[in-house]
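*Asks:* So I've got this file, run.cif, and it contains mmCIF, C-alpha atoms and all ligand atoms:
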data_coords
loop_
_atom_site.label_atom_id
_atom_site.label_comp_id
_atom_site.auth_asym_id
_atom_site.auth_seq_id
_atom_site.Cartn_x
_atom_site.Cartn_y
_atom_site.Cartn_z
CA MET X 1 -5.41 -12.82 -2.83
CA ALA X 2 -2.68 -12.87 -5.46
CA LYS X 3 -3.29 -10.52 -8.34
CA ASP X 4 -3.84 -11.73 -11.89
CA ASP X 5 -0.84 -11.12 -14.17
CA ALA X 6 -3.12 -11.29 -17.23
CA ALA X 7 -5.49 -8.54 -16.03
CA CYS X 8 -5.03 -4.76 -15.69
CA PRO X 9 -2.44 -4.25 -12.91
CA SER X 10 -4.32 -1.24 -11.63
CA CYS X 11 -7.99 -2.32 -11.53
CA GLN X 12 -7.74 -6.03 -12.49
CA SER X 13 -10.20 -5.62 -15.34
CA ARG X 14 -9.71 -8.02 -18.26
CA ASP X 15 -11.13 -5.56 -20.76
CA LEU X 16 -7.82 -4.62 -22.38
CA ASN X 17 -6.99 -3.00 -25.69
CA ILE X 18 -3.75 -4.31 -27.24
CA GLU X 19 -1.62 -1.43 -28.56
CA TYR X 20 1.69 -3.13 -29.42
CA GLU X 21 3.17 -6.54 -29.90
CA LEU X 22 6.54 -6.46 -28.12
CA ILE X 23 9.93 -7.84 -29.13
CA ASP X 24 8.91 -11.18 -27.64
CA PRO X 25 5.53 -11.62 -29.39
CA THR X 26 3.99 -13.48 -26.45
CA TYR X 27 3.96 -10.07 -24.70
CA HIS X 28 2.03 -6.97 -25.64
CA THR X 29 1.43 -3.44 -24.48
CA ALA X 30 -2.19 -3.09 -23.46
CA ARG X 31 -4.38 -0.23 -22.29
CA CYS X 32 -7.15 -0.96 -19.81
CA ARG X 33 -10.53 0.09 -21.20
CA ARG X 34 -11.86 0.59 -17.69
CA CYS X 35 -9.17 2.69 -15.93
CA GLY X 36 -6.77 3.62 -18.75
CA PHE X 37 -3.67 2.08 -17.14
CA ILE X 38 -1.11 0.89 -19.70
CA ALA X 39 1.13 -2.09 -19.01
CA MET X 40 2.83 -5.14 -20.41
CA HIS X 41 0.32 -7.88 -21.09
CA PRO X 42 0.63 -10.34 -19.57
CA TYR X 43 3.01 -9.33 -16.78
CA PRO X 44 6.13 -11.56 -16.87
CA SER X 45 6.29 -13.97 -13.95
CA ASP X 46 8.20 -12.95 -10.83
CA ARG X 47 10.60 -15.83 -11.43
CA PHE X 48 11.31 -14.66 -14.98
CA LEU X 49 12.02 -11.08 -13.89
CA HIS X 50 14.15 -12.20 -10.97
CA ASP X 51 16.35 -14.32 -13.25
CA HIS X 52 16.52 -11.56 -15.83
CA TYR X 53 17.76 -8.92 -13.40
CA LYS X 54 20.20 -11.29 -11.75
CA SER X 55 21.97 -11.84 -15.06
CA ARG X 56 22.07 -8.18 -15.99
CA GLU X 57 25.22 -6.11 -15.78
CA LEU X 58 25.37 -3.06 -13.58
CA TYR X 59 25.60 0.01 -15.72
CA ASN X 60 27.43 3.14 -14.59
CA ALA X 61 29.89 1.08 -12.57
CA GLY X 62 33.56 1.60 -13.31
CA ASN X 63 33.29 5.34 -13.99
CA GLU X 64 35.73 7.76 -12.41
CA ALA X 65 34.50 9.28 -9.15
CA SER X 66 34.80 12.81 -10.57
CA SER X 67 32.41 11.97 -13.40
CA TYR X 68 29.67 11.57 -10.78
CA ASP X 69 30.03 15.10 -9.39
CA ARG X 70 27.97 16.65 -12.15
CA ALA X 71 25.33 13.93 -11.92
CA VAL X 72 24.94 14.44 -8.16
CA ALA X 73 24.75 18.23 -8.54
CA ASP X 74 22.10 17.90 -11.27
CA ARG X 75 20.05 15.48 -9.18
CA SER X 76 20.30 17.74 -6.11
CA ALA X 77 19.05 20.68 -8.17
CA LEU X 78 16.16 18.62 -9.54
CA LEU X 79 15.22 17.38 -6.04
CA GLN X 80 15.48 20.87 -4.57
CA GLY X 81 13.15 22.14 -7.29
CA LEU X 82 10.62 19.38 -6.60
CA LEU X 83 10.73 19.99 -2.83
CA THR X 84 10.15 23.69 -3.44
CA ARG X 85 7.11 22.88 -5.60
CA ALA X 86 5.80 20.78 -2.69
CA GLY X 87 6.34 23.69 -0.29
CA ILE X 88 9.01 21.82 1.68
CA THR X 89 11.79 23.96 3.13
CA ASP X 90 13.03 21.63 5.87
CA THR X 91 15.50 19.21 4.28
CA THR X 92 16.43 17.28 7.39
CA GLY X 93 15.24 13.88 8.57
CA ARG X 94 15.43 10.46 7.05
CA SER X 95 15.24 9.80 3.34
CA ILE X 96 15.55 6.80 1.05
CA ASP X 97 16.27 6.40 -2.62
CA PHE X 98 14.85 3.13 -3.94
CA GLY X 99 16.66 1.38 -6.79
CA ALA X 100 19.67 3.45 -5.85
CA GLY X 101 22.23 1.97 -8.26
CA VAL X 102 25.61 3.36 -7.29
CA GLY X 103 23.90 6.06 -5.22
CA ILE X 104 23.71 9.28 -7.24
CA ALA X 105 20.30 10.21 -5.80
CA VAL X 106 21.38 9.10 -2.30
CA ALA X 107 24.38 11.43 -2.52
CA ALA X 108 22.06 14.18 -3.80
CA GLN X 109 19.69 13.73 -0.83
CA LYS X 110 22.66 13.82 1.54
CA ALA X 111 23.95 17.00 -0.11
CA LEU X 112 20.58 18.66 0.56
CA GLY X 113 20.84 17.79 4.25
CA PHE X 114 18.86 14.55 4.58
CA ASP X 115 19.95 11.53 6.57
CA ALA X 116 19.98 9.52 3.35
CA ALA X 117 20.18 5.82 2.56
CA GLY X 118 19.75 3.79 -0.60
CA ILE X 119 18.02 0.50 -1.32
CA GLU X 120 19.65 -1.56 -4.05
CA THR X 121 19.76 -5.30 -4.62
CA ASN X 122 22.93 -5.33 -6.68
CA PRO X 123 25.87 -5.96 -4.28
CA SER X 124 28.49 -4.42 -6.57
CA ALA X 125 26.43 -1.23 -6.79
CA GLN X 126 26.25 -1.14 -3.01
CA ALA X 127 30.04 -1.40 -2.77
CA VAL X 128 30.68 1.22 -5.46
CA GLY X 129 28.25 3.63 -3.78
CA ARG X 130 29.87 3.23 -0.39
CA GLU X 131 33.31 3.76 -1.86
CA ILE X 132 32.52 6.78 -4.07
CA PHE X 133 29.94 8.66 -2.03
CA GLY X 134 30.37 7.21 1.46
CA VAL X 135 26.63 6.62 1.60
CA ASP X 136 24.69 3.72 3.06
CA ILE X 137 23.33 1.55 0.28
CA ARG X 138 21.93 -1.86 1.06
CA ASP X 139 19.45 -4.49 0.08
CA MET X 140 16.63 -3.87 2.52
CA ASP X 141 13.19 -5.38 2.70
CA MET X 142 10.50 -2.71 2.31
CA LYS X 143 8.93 -3.63 5.63
CA ASP X 144 12.23 -2.91 7.39
CA MET X 145 12.33 0.69 6.18
CA PRO X 146 11.99 3.39 8.87
CA ASN X 147 8.48 4.74 9.45
CA ASP X 148 9.39 8.42 9.56
CA LEU X 149 10.65 9.10 6.03
CA LYS X 150 10.60 12.75 5.03
CA LEU X 151 11.60 11.96 1.45
CA PHE X 152 11.38 8.82 -0.68
CA THR X 153 12.63 8.87 -4.25
CA VAL X 154 12.17 6.41 -7.10
CA PHE X 155 13.95 7.39 -10.29
CA GLU X 156 13.25 5.05 -13.20
CA VAL X 157 11.80 2.38 -10.92
CA LEU X 158 8.00 2.31 -11.13
CA GLU X 159 8.10 1.11 -14.75
CA HIS X 160 9.97 -2.00 -13.52
CA ILE X 161 7.78 -2.96 -10.58
CA LYS X 162 4.68 -5.09 -10.90
CA PHE X 163 1.62 -3.39 -9.36
CA PRO X 164 3.21 0.05 -8.83
CA GLY X 165 0.11 1.39 -7.05
CA ASP X 166 0.45 -1.28 -4.36
CA PHE X 167 4.15 -0.51 -4.08
CA MET X 168 3.56 3.21 -3.55
CA ALA X 169 0.79 2.45 -1.03
CA GLU X 170 3.24 0.30 0.94
CA VAL X 171 5.80 3.11 0.81
CA ARG X 172 3.18 5.48 2.20
CA GLY X 173 3.06 3.38 5.37
CA HIS X 174 6.66 4.44 5.98
CA MET X 175 6.25 8.15 5.27
CA ALA X 176 6.17 10.88 7.90
CA PRO X 177 3.18 13.25 7.86
CA ASN X 178 3.69 15.58 4.87
CA GLY X 179 6.56 13.38 3.67
CA VAL X 180 7.38 13.76 0.01
CA VAL X 181 7.69 11.10 -2.67
CA ALA X 182 9.38 12.01 -5.94
CA GLY X 183 10.77 10.27 -8.98
CA SER X 184 10.61 9.72 -12.69
CA VAL X 185 9.32 7.22 -15.24
CA PRO X 186 9.57 7.02 -19.04
CA ASN X 187 6.77 8.96 -20.77
CA TYR X 188 4.53 6.70 -22.86
CA ASP X 189 3.48 9.77 -24.83
CA GLY X 190 7.11 10.56 -25.69
CA MET X 191 8.14 11.15 -29.27
CA ALA X 192 10.34 8.03 -29.39
CA ARG X 193 7.38 5.69 -28.82
CA TYR X 194 5.49 7.21 -31.75
CA VAL X 195 8.54 6.87 -34.00
CA ARG X 196 10.19 3.65 -32.80
CA GLY X 197 7.26 1.73 -31.31
CA LYS X 198 8.32 -1.48 -29.62
CA HIS X 199 11.98 -0.50 -30.11
CA SER X 200 11.59 2.66 -28.04
CA ILE X 201 13.04 2.82 -24.53
CA ALA X 202 9.56 3.18 -23.04
CA LEU X 203 8.54 -0.22 -24.39
CA ALA X 204 11.78 -2.01 -23.45
CA TRP X 205 11.05 -5.70 -23.01
CA PRO X 206 11.09 -7.32 -20.48
CA GLU X 207 12.14 -4.57 -18.04
CA HIS X 208 9.45 -1.97 -18.54
CA VAL X 209 6.34 -3.74 -17.33
CA ASN X 210 4.38 -0.50 -16.78
CA GLN X 211 3.80 2.47 -19.03
CA PHE X 212 2.83 5.90 -17.78
CA THR X 213 1.14 8.96 -19.12
CA ARG X 214 0.65 12.05 -17.02
CA LYS X 215 -2.86 10.84 -16.22
CA THR X 216 -2.09 7.22 -15.34
CA LEU X 217 0.87 8.28 -13.20
CA ALA X 218 -1.38 10.73 -11.33
CA ASP X 219 -4.04 8.01 -10.92
CA THR X 220 -1.42 5.58 -9.57
CA LEU X 221 -0.19 8.07 -6.96
CA LYS X 222 -3.70 9.17 -5.96
CA SER X 223 -4.91 5.60 -5.59
CA ALA X 224 -1.93 4.96 -3.29
CA GLY X 225 -3.14 7.84 -1.09
CA TYR X 226 -0.88 10.72 -2.14
CA GLU X 227 -1.73 14.27 -3.05
CA VAL X 228 -0.09 14.92 -6.42
CA VAL X 229 1.74 18.24 -6.51
CA TYR X 230 3.31 18.16 -9.95
CA ILE X 231 3.91 15.87 -12.90
CA GLY X 232 5.87 17.27 -15.80
CA PHE X 233 9.10 17.45 -17.72
CA PRO X 234 11.75 19.56 -15.98
CA PRO X 235 15.17 19.42 -17.67
CA PRO X 236 16.70 16.96 -18.51
CA TYR X 237 13.40 15.08 -18.89
CA GLY X 238 11.88 17.29 -21.56
CA VAL X 239 11.93 17.00 -25.30
CA VAL X 240 15.24 15.74 -26.63
CA ILE X 241 16.27 16.73 -30.11
CA LYS X 242 19.06 14.62 -31.58
CA LEU X 243 19.91 15.43 -35.16
CA GLY X 244 23.56 14.41 -34.95
CA LEU X 245 24.60 17.88 -36.14
CA ARG X 246 27.70 17.93 -33.96
CA GLU X 247 29.01 14.65 -35.35
CA TRP X 248 28.16 15.80 -38.85
CA LEU X 249 30.07 19.08 -38.34
CA ARG X 250 33.02 17.27 -36.81
CA LYS X 251 33.35 15.16 -39.95
CA GLY X 252 32.70 18.00 -42.40
CA VAL X 253 34.69 20.79 -40.76
CA GLY X 254 37.35 18.90 -38.86
CA GLU X 255 38.63 19.57 -35.34
CA GLY X 256 39.86 23.09 -34.61
CA PRO X 257 38.83 26.53 -33.38
CA PHE X 258 36.27 27.03 -36.16
CA LEU X 259 34.51 23.82 -35.16
CA ASN X 260 34.47 24.92 -31.52
CA VAL X 261 32.80 28.22 -32.41
CA LEU X 262 30.23 26.43 -34.58
CA ILE X 263 29.43 24.02 -31.77
CA GLN X 264 29.03 26.87 -29.29
CA VAL X 265 26.62 28.61 -31.65
CA LEU X 266 24.72 25.38 -32.15
CA THR X 267 24.50 24.80 -28.39
CA TRP X 268 23.18 28.32 -27.87
CA VAL X 269 20.56 27.89 -30.60
CA LYS X 270 19.45 24.59 -29.09
CA LYS X 271 19.20 25.98 -25.58
CA TYR X 272 17.47 29.27 -26.31
CA ILE X 273 15.63 28.72 -29.60
CA ALA X 274 15.12 25.07 -30.52
CA TYR X 275 14.16 23.72 -27.08
CA PRO X 276 11.91 26.26 -25.32
CA LEU X 277 8.88 25.92 -27.61
CA PRO X 278 8.66 22.11 -27.78
CA ASN X 279 9.27 21.95 -24.02
CA LEU X 280 6.53 24.47 -23.40
CA ILE X 281 4.19 22.36 -25.53
CA ALA X 282 5.26 19.19 -23.67
CA GLU X 283 4.65 20.82 -20.28
CA HIS X 284 1.17 21.98 -21.29
CA THR X 285 -0.06 18.93 -23.18
CA GLY X 286 1.72 16.04 -21.44
CA LEU X 287 2.95 14.94 -24.85
CA LEU X 288 6.44 14.35 -26.21
CA GLY X 289 8.68 14.77 -23.14
CA HIS X 290 10.81 11.65 -22.78
CA GLY X 291 10.47 11.22 -19.01
CA LEU X 292 7.73 12.14 -16.54
CA VAL X 293 8.92 13.61 -13.24
CA PHE X 294 6.58 13.66 -10.27
CA VAL X 295 6.33 14.95 -6.76
CA ALA X 296 3.54 14.05 -4.33
CA ILE X 297 2.83 14.43 -0.62
CA ASN X 298 1.61 12.08 2.10
CA ARG X 299 -0.87 14.71 3.26
CA ASN X 300 -3.12 12.73 5.60
CA ALA X 301 -0.86 10.51 7.60
ZN ZN B 401 -7.65 -0.98 -15.27
#
Written as structure tokens, how would this file's structure read?

*Replies:*
Amino acid sequence: MAKDDAACPSCQSRDLNIEYELIDPTYHTARCRRCGFIAMHPYPSDRFLHDHYKSRELYNAGNEASSYDRAVADRSALLQGLLTRAGITDTTGRSIDFGAGVGIAVAAQKALGFDAAGIETNPSAQAVGREIFGVDIRDMDMKDMPNDLKLFTVFEVLEHIKFPGDFMAEVRGHMAPNGVVAGSVPNYDGMARYVRGKHSIALAWPEHVNQFTRKTLADTLKSAGYEVVYIGFPPPYGVVIKLGLREWLRKGVGEGPFLNVLIQVLTWVKKYIAYPLPNLIAEHTGLLGHGLVFVAINRNA
């Protein structure tokens, strides 16, 4: 039976508490009183979302190939860290990155040793990915995915997909025993949502149809049959402090060696003094980090 777009996407209860009116006031952010899941209320229709994404530009396209090197290295390091948390040392076998864009995470999986492919509906992203990274990126139906995936990643995807629990359950049907799923979502409990409300990235309308806290993300993964290993805020998903000090210095001091020294000092202070405490608090409380990163295992295949 088709699910009700006006009910809680997770448990289909209609007992919802409205927390925000969104940019289009026919839509709200609502928290389910029964299971706690937070989502756009009502869900936009499939037709509406389809048309919206079709008209949207591909971001990140048109960059120089070399500018991706750092991004791929960072993503590899993040993935390696998540695999280590999950106790996975064998980085061979098939892997997929869903919502691959131009393929940064696909290239990262490949760099770790996986036989990696990407799923992406945007044809220009597929072409760019093939050209820059030489990786296989295509528009594939979920049911055509291999059934022996050792790794499946979804970075900034679950907030876009209606009924994310059902999606992750379907993915599980394609995972190898002890296969790992990993990814990220915006953190509903991030600082920006408290400050900017409906204008925050987390509440972006109409793209972000689901909202996640540490708890609701864990519930979503558990209900889909996974064992949750970790949900938290590893860099660069932790607390972000943007005071615009660099720009302010650039204007006040002017370009030159003195400015460079000041910026180096500032960077050091940020890295070793300003960030560690708020990030420690974020990691322990589940509050304030801007993105939630997760890793979970298909333990009982
Ligand atoms: Zn619910």

*Asks:* To check your reading of the model: which residues sit at most 6 Å from ligand ZN 401 (chain B) when counting only C-alpha atoms and all ligand atoms? Write the answer as a VMD selection string.

*Replies:* chain X and resid 8 10 to 13 32 34 to 37

*Asks:* Which polymer residues have any atom within 8 Å of an atom of Asp136 (chain X), counting only C-alpha atoms, with same-chain residues fewer than 2 positions away left out, as a PDB file with C-alpha atoms, keeping the file's coordinate frame?

*Replies:*
ATOM      1  CA  ALA X 116      19.980   9.520   3.350  1.00  0.00           C
ATOM      2  CA  ALA X 117      20.180   5.820   2.560  1.00  0.00           C
ATOM      3  CA  GLY X 118      19.750   3.790  -0.600  1.00  0.00           C
ATOM      4  CA  GLN X 126      26.250  -1.140  -3.010  1.00  0.00           C
ATOM      5  CA  GLY X 129      28.250   3.630  -3.780  1.00  0.00           C
ATOM      6  CA  ARG X 130      29.870   3.230  -0.390  1.00  0.00           C
ATOM      7  CA  GLY X 134      30.370   7.210   1.460  1.00  0.00           C
ATOM      8  CA  ARG X 138      21.930  -1.860   1.060  1.00  0.00           C
TER       9      ARG X 138
END

*Asks:* For each of X:Asn17, X:Ser45, X:Asn279, X:Asn187, take the minimum atom-to-atom distance to Glu207 (chain X), counting all atoms listed in the file, then give the residue where this is smallest.

*Replies:* X:Ser45

*Asks:* Of the residues X:Tyr43, X:Phe48, X:Phe294, X:Phe152, which is the one nearest to Phe212 (chain X), using only C-alpha atoms?

*Replies:* X:Phe294

*Asks:* Which residue, X:Gly93, X:Ala169, X:Tyr188, X:Ala77, has the smallest gap to Pro146 (chain X) when you use only C-alpha atoms?

*Replies:*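 Result for the nearest residue to Pro146 (chain X): X:Gly93.
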
*Asks:* Measuring atom to atom with only C-alpha atoms, identify which of X:Val106, X:Met191, X:Val154, X:Val128 is nearest to Leu287 (chain X).

*Replies:*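 Once distances to Leu287 (chain X) are computed over only C-alpha atoms, the minimum belongs to X:Met191.
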
*Asks:* Find the axis-aligned box for region 95-101 of chain X, covering all its listed atoms and adding 8 Å on each side, and write its centre and edge lengths in Å to one decimal as JSON.

*Replies:*
{"center_x": 18.5, "center_y": 5.6, "center_z": -2.5, "size_x": 23.4, "size_y": 24.4, "size_z": 27.6}

*Asks:* Which value, in Å to one decimal, gives the distance between CA of Ala296 (chain X) and CA of Tyr230 (chain X)?

*Replies:* 7.0 Å

*Asks:* At what distance in Å, to one decimal, does CA of Ser200 (chain X) lie from CA of Arg31 (chain X)?

*Replies:*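 Taking CA of Arg31 (chain X) and CA of Ser200 (chain X), their separation equals 17.2 Å.
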
*Asks:* Need the shell around region 216-227 of chain X: protein/DNA/RNA residues with any atom at most 12 Å away, counting all atoms listed in the file. Skip same-chain ones fewer than 3 positions apart. Format as a PyMOL selection string?

*Replies:* chain X and resi 9-11+31-32+35-39+86+158-159+163-173+175+177-189+210-213+230-232+286+291-301

*Asks:* Identify which of the residues X:Glu131, X:Leu288, X:Ala105, X:Leu49 lies closest to Leu78 (chain X), counting all atoms listed in the file when measuring atom-to-atom distances.

*Replies:* X:Ala105

*Asks:* Which value, in Å to one decimal, gives the distance between CA of Ala108 (chain X) and CA of Asp74 (chain X)?

*Replies:*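 Taking CA of Ala108 (chain X) and CA of Asp74 (chain X), their separation equals 8.3 Å.
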
*Asks:* Could you check the closest approach to Asn122 (chain X) for each of X:Val195, X:His50, X:Lys162, X:Ala107 and tell me which residue wins, using all atoms listed in the file?

*Replies:*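 Of the candidates, the smallest distance to Asn122 (chain X) is held by X:His50.
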
*Asks:* Around the point (24.5, 20.3, -3.7) in the file's coordinates, collect all residues with an atom within 8 Å, using only C-alpha atoms, and return them as a ChimeraX atom specification.

*Replies:* /X:72-73,76-77,108,111-112

*Asks:* For the selection you just gave me, I'd like the residues written to a file as a short mmCIF file (atom, residue, chain, number, x, y, z; two decimals), in the coordinates of the input, keeping C-alpha atoms.

*Replies:*
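As a result, out-v9.cif now contains:
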data_model
loop_
_atom_site.label_atom_id
_atom_site.label_comp_id
_atom_site.auth_asym_id
_atom_site.auth_seq_id
_atom_site.Cartn_x
_atom_site.Cartn_y
_atom_site.Cartn_z
CA VAL X 72 24.94 14.44 -8.16
CA ALA X 73 24.75 18.23 -8.54
CA SER X 76 20.30 17.74 -6.11
CA ALA X 77 19.05 20.68 -8.17
CA ALA X 108 22.06 14.18 -3.80
CA ALA X 111 23.95 17.00 -0.11
CA LEU X 112 20.58 18.66 0.56
#
